[in-house]
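Everything below concerns the one structure shown next.
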Amino acid sequence: MPAAGTSTKSDERRRAIMSAAVDCFAQKGFYGTTTHEIAEWVGLSQPYLYRLYPNKEALFAAVVDHVSVVMTDTLVAHSPASGGAGPAPEAALDAARGAYAALVANRNILRFLMHANCAAGEPLVGQAVRRCYAKQVDTVQQLLGDDDAVRRWFGAGMLDNVVAVLGLADIDEPWAHVLTAR
């Protein structure tokens, strides 16, 4: 018999909470989202949600940790197969950017990450966001191999975030063309 809180049903509920929380927080951010909305979205009572997470900040931090794992798994899954010397740096960088693009094709993940950065002034959230960045830096260093490539990847990713959130691919203006490299 599984230990209390580790049953398959409990694991399914936690996954459902993580998914709903990403979607809810992506829409209204940390400050605009209530735990009642998240519980309602999942079909749980708010007291049950509070049994799992003592407050909204702890829940949000757990969602940041969850998204960090999803990001790492996506980057690793999309990395070029290493055969001895490994891929050329530019090929590895392109693969990492492609992996990130695949991840943030779900705009709620991207919006959630942006809201997480904005809520980093909350102690638990700030710790979780820093853990997320540390994990991503470590993962990208393993995939790309050098600090300069990591900085280029993060810089390109930040630009990709702006392009995606503002929908610049659909804007036919010279300034948008510059940012989208069209």
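Chain identifiers are assigned as A, B, and so on, following the order in which chains appear in the structure tokens; residues are numbered from 1 within each chain, and ligands are numbered from 1 in order of appearance.
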
Write out as CSV the residues of region 48-136 of chain A that have any atom within 8 Å of an atom of region 20-38 of chain A, one row each with the nearest atom pair and its distance in Å to one decimal, counting only C-alpha atoms, sorted by chain and then rising number.
```
residue,atom,partner,partner_atom,distance
A:Leu49,CA,A:Thr35,CA,7.7
A:Lys56,CA,A:Thr35,CA,6.3
A:Phe60,CA,A:Phe30,CA,7.2
A:Val63,CA,A:Val22,CA,6.8
A:Asn108,CA,A:Ala26,CA,5.2
A:Ile109,CA,A:Val22,CA,6.7
A:Leu110,CA,A:Ala26,CA,7.8
A:Arg111,CA,A:Ala26,CA,4.9
A:Phe112,CA,A:Ala26,CA,4.2
A:Leu113,CA,A:Ala26,CA,7.9
A:His115,CA,A:Gly29,CA,5.3
A:Ala116,CA,A:Phe30,CA,7.5
A:Ala119,CA,A:Phe30,CA,6.5
```

Next item on the list: Enter the distance from CA of Ala176 (chain A) to CA of Gly155 (chain A), in Å, rounded to one decimal.
Entry: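 So the two atoms, CA of Ala176 (chain A) and CA of Gly155 (chain A), lie 17.3 Å apart.
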
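If you look at CA of Glu57 (chain A) and CA of Gln127 (chain A), they are 11.0 Å away from each other.
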
Check: Hey, which of A:Leu52, A:Val137, A:Ala91, A:Ala58 ends up closest to Arg151 (chain A)? Count only C-alpha atoms.
Finding: A:Val137

Notebook entry, point to check: Of the residues A:Leu103, A:His177, A:Ala164, A:Arg152, which is the one nearest to Ser68 (chain A), using only C-alpha atoms?
Noted result: A:Leu103

Margin query: Using Å and a single decimal, report how far CA of Val125 (chain A) sits from CA of Asn55 (chain A).
Written below: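 Taking CA of Asn55 (chain A) and CA of Val125 (chain A), their separation equals 11.8 Å.
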
Margin query: Excluding His66 (chain A) and its own-chain neighbours fewer than 6 positions away, which residues fall within 10 Å of it when counting only C-alpha atoms? Please give them as a list in words.
Written below: Arg15, Met18, Ser19, Val22, Phe60, Ala128 and Cys132 of chain A

Next item on the list: Give the alpha helix (DSSP H) residues of region 48-157 of chain A, as DSSP finds them on the backbone, and put them as number ranges by chain.
Entry: A: 48-52, 56-78, 89-103, 107-118, 123-144, 147-157

Restricting it to C-alpha atoms, dump the selection as a compact mmCIF listing (two decimals), in the first residue's frame.
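Below is the file again-v4.txt, written as the result:
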```txt
# COMPACT_ATOMS: atom_id res chain seq x y z
CA TYR A 48 -7.89 20.62 0.04
CA LEU A 49 -5.55 22.83 -1.97
CA TYR A 50 -4.34 24.36 1.31
CA ARG A 51 -3.67 20.86 2.69
CA LEU A 52 -1.19 20.40 -0.16
CA LYS A 56 -0.48 30.88 -2.55
CA GLU A 57 3.22 31.74 -2.45
CA ALA A 58 4.17 28.11 -1.72
CA LEU A 59 1.89 26.94 -4.53
CA PHE A 60 3.37 29.44 -6.98
CA ALA A 61 6.92 28.41 -6.00
CA ALA A 62 5.97 24.76 -6.55
CA VAL A 63 4.67 25.67 -10.01
CA VAL A 64 7.96 27.44 -10.81
CA ASP A 65 9.81 24.26 -9.78
CA HIS A 66 7.44 22.17 -11.92
CA VAL A 67 7.96 24.39 -14.98
CA SER A 68 11.72 24.27 -14.40
CA VAL A 69 11.62 20.46 -14.65
CA VAL A 70 9.49 20.67 -17.80
CA MET A 71 11.99 23.14 -19.30
CA THR A 72 14.97 20.94 -18.47
CA ASP A 73 13.28 17.81 -19.82
CA THR A 74 12.37 19.65 -23.04
CA LEU A 75 15.89 20.98 -23.55
CA VAL A 76 17.46 17.58 -22.96
CA ALA A 77 14.93 15.79 -25.18
CA HIS A 78 15.59 18.18 -28.07
CA PRO A 89 28.43 25.03 -31.07
CA GLU A 90 26.06 26.78 -33.49
CA ALA A 91 24.13 23.54 -34.13
CA ALA A 92 23.81 22.97 -30.40
CA LEU A 93 22.67 26.57 -29.89
CA ASP A 94 20.08 26.21 -32.67
CA ALA A 95 18.84 22.95 -31.14
CA ALA A 96 18.53 24.58 -27.70
CA ARG A 97 16.62 27.53 -29.18
CA GLY A 98 14.36 25.12 -31.07
CA ALA A 99 13.67 23.23 -27.85
CA TYR A 100 12.77 26.44 -26.07
CA ALA A 101 10.54 27.50 -28.96
CA ALA A 102 8.75 24.13 -28.74
CA LEU A 103 8.24 24.62 -25.01
CA ARG A 107 1.91 30.53 -24.53
CA ASN A 108 0.73 29.87 -20.99
CA ILE A 109 4.17 28.50 -20.08
CA LEU A 110 5.78 31.65 -21.47
CA ARG A 111 3.30 33.96 -19.75
CA PHE A 112 3.70 32.07 -16.49
CA LEU A 113 7.50 32.43 -16.65
CA MET A 114 7.16 36.17 -17.24
CA HIS A 115 4.80 36.50 -14.28
CA ALA A 116 7.25 34.45 -12.18
CA ASN A 117 10.01 36.95 -12.93
CA CYS A 118 7.67 39.78 -11.92
CA PRO A 123 10.65 35.41 -0.89
CA LEU A 124 9.59 31.84 -1.80
CA VAL A 125 8.90 32.82 -5.39
CA GLY A 126 12.26 34.57 -5.73
CA GLN A 127 14.04 31.48 -4.40
CA ALA A 128 12.16 29.26 -6.84
CA VAL A 129 12.87 31.56 -9.80
CA ARG A 130 16.58 31.62 -8.93
CA ARG A 131 16.56 27.79 -8.67
CA CYS A 132 14.89 27.67 -12.08
CA TYR A 133 17.50 29.94 -13.67
CA ALA A 134 20.33 28.00 -12.00
CA LYS A 135 18.95 24.72 -13.33
CA GLN A 136 18.52 26.14 -16.82
CA VAL A 137 22.03 27.64 -16.83
CA ASP A 138 23.44 24.28 -15.73
CA THR A 139 21.45 22.40 -18.38
CA VAL A 140 22.36 24.80 -21.18
CA GLN A 141 26.04 24.74 -20.11
CA GLN A 142 25.97 20.95 -20.39
CA LEU A 143 24.38 21.18 -23.84
CA LEU A 144 26.42 24.08 -25.24
CA ASP A 147 29.61 30.44 -20.86
CA ASP A 148 29.47 32.72 -23.90
CA ALA A 149 27.10 30.32 -25.67
CA VAL A 150 24.93 30.19 -22.55
CA ARG A 151 24.71 33.99 -22.46
CA ARG A 152 23.85 34.06 -26.20
CA TRP A 153 21.15 31.43 -25.64
CA PHE A 154 19.59 33.37 -22.76
CA GLY A 155 19.81 36.64 -24.70
CA ALA A 156 18.21 35.10 -27.76
CA GLY A 157 15.56 33.49 -25.55
```

Next item on the list: Considering only C-alpha atoms, return as a PyMOL selection string whatever protein or nucleic-acid residues lie within 12 Å of Ala181 (chain A), sequence-local ones (same chain, fewer than 3 positions apart) excluded.
Entry: chain A and resi 156+159-160+163+168-169+173-178

Emit the selected residues as a CSV table (one decimal), in the first residue's frame, including N, CA and C atoms.
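Done, and the output landed in part.csv:
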```csv
chain,number,residue,atom,x,y,z
A,156,ALA,N,19.1,35.4,-26.7
A,156,ALA,CA,18.2,35.1,-27.8
A,156,ALA,C,16.8,34.7,-27.2
A,159,LEU,N,14.8,37.7,-26.2
A,159,LEU,CA,14.3,38.3,-27.4
A,159,LEU,C,13.1,37.5,-28.0
A,160,ASP,N,13.3,36.2,-28.0
A,160,ASP,CA,12.2,35.3,-28.5
A,160,ASP,C,10.9,35.5,-27.7
A,163,VAL,N,9.2,38.7,-28.8
A,163,VAL,CA,8.6,38.5,-30.1
A,163,VAL,C,7.3,37.7,-30.0
A,168,LEU,N,4.9,39.6,-32.7
A,168,LEU,CA,5.5,40.4,-33.7
A,168,LEU,C,5.6,39.7,-35.0
A,169,ALA,N,5.5,38.4,-35.1
A,169,ALA,CA,5.6,37.7,-36.3
A,169,ALA,C,4.4,38.1,-37.2
A,173,GLU,N,5.7,45.7,-39.7
A,173,GLU,CA,6.2,47.0,-39.5
A,173,GLU,C,7.8,46.9,-39.5
A,174,PRO,N,8.5,47.9,-39.9
A,174,PRO,CA,10.0,47.8,-40.0
A,174,PRO,C,10.6,47.4,-38.6
A,175,TRP,N,10.1,48.0,-37.5
A,175,TRP,CA,10.7,47.8,-36.2
A,175,TRP,C,10.5,46.3,-35.8
A,176,ALA,N,9.3,45.8,-36.2
A,176,ALA,CA,9.0,44.4,-35.8
A,176,ALA,C,9.9,43.4,-36.7
A,177,HIS,N,10.1,43.8,-37.9
A,177,HIS,CA,11.0,43.0,-38.8
A,177,HIS,C,12.4,42.9,-38.2
A,178,VAL,N,12.9,44.0,-37.7
A,178,VAL,CA,14.2,44.0,-37.0
A,178,VAL,C,14.3,42.9,-35.9
```
